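To keep things clear, I will list the structure first and then write my remarks on it.
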Amino acid sequence: MSLLGLLYYLSPVLTVVAVIDILRTRSEWWWVLIVLFFQPFGPLIYFALSYGPWSTAGSVRQLSPAAARRAQARRQLRDLQVQLGHWRGPAVLAEAGEQWMTLGKMDAAESHLREAHEAGAKPKDVSFNFAQVLQVRGGRYAESLPRLEELIAVEPDARFGVARLALARALDETGDDARAEEELRAVLAKRSPPEAKVRLARLLLRRGDGEEARRLLDEVQRDAATMPAYLKREHGPWIRAARRVRSGTEAVPKPRLEGAPPRGRLWVALAVSLGVLLVLFALYGYGFVNLPFG
């Protein structure tokens, strides 16, 4: 069998892998069209432009921002690993941990961030990312609390309020309702993230203050109606949670890294991709795809 013939046979598998990666990394939606309808070269074009050594070029960065961020992280990690081979300084370790987070390598991220913290990294350099990893990996909220408290102590509005929201989340999840309410109200005094409103509404419902809780949940729905599409995707789990919260005992979405796909999205991607795979195999089996290569 010729190389091109082999490529046609492998094309369905490459297509599935490419579609999963597109949805996982939130690459531009039209990549799906290229991958599906430009067989057998569409998947190869996607992987080449997203992961090739030229993928940090300006033109490709515009095509796939998520791929550009990953490529930049890989390039920075190469330089950082050279530095770490000579000196494992706290700032270098903290930066390496952040780049591992960008690549989704959570074991390496936690290892580097923990070492950076133990080596004396400044809270603004390591605490937020370290706490994020702890919360995302197994919901270790109690362990994340000291890291967030030390950061908020020196920078109350760290990460434009996202760090304070993470602190409120940890307090809420560890059952410290009084401090959680205080932190959530501090967040909402400056900004209005749906998570803060839903969590505060849950706290209020548990203590019987249904009127303010309903007002907060209604605000989430009204705000969602005018949100740009990208913000609706970002806050979608919390917008949907606002519709479910009635007693204050409902489960709420788990934390995730900024820019990561919502939970469940990968299962949808897998289901769609398997459907694509079945269709492509059916086409191959019934002869709709011409394979004159032998």
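If you're wondering about the labels, chains in the structure tokens are A, B, ... by order shown, residues count from 1 in each chain, ligands from 1 in order shown.
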Selection: 8 Å around A:Thr102, only C-alpha atoms, excl. self and same-chain fewer than 4 positions, as a list in words
Arg69, Arg70, Ala73 and Glu98 of chain A
Applying 10 Å and only C-alpha atoms, which residues near A:Val92 remain after dropping the ones on its own chain fewer than 3 positions away? List them as a list of chain:residue names.
A:Leu80, A:Gln81, A:Gln83, A:Leu84, A:Trp87, A:Arg88, A:Gly89, A:Glu95, A:Ala96, A:Gly97, A:Glu98, A:His112, A:Leu113, A:Ala116, A:Ala121, A:Asp125
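Near A:Phe38, within 12 Å and counting only C-alpha atoms, sit A:Tyr8, A:Ser11, A:Pro12, A:Thr15, A:Trp30, A:Trp31, A:Val32, A:Leu33, A:Pro43, A:Leu44, A:Ile45, A:Tyr46, not including residues fewer than 5 positions from it in the same chain.
Across the structure, atom CA of A:Leu49 and atom CA of A:Leu257 are spaced 24.6 Å apart.
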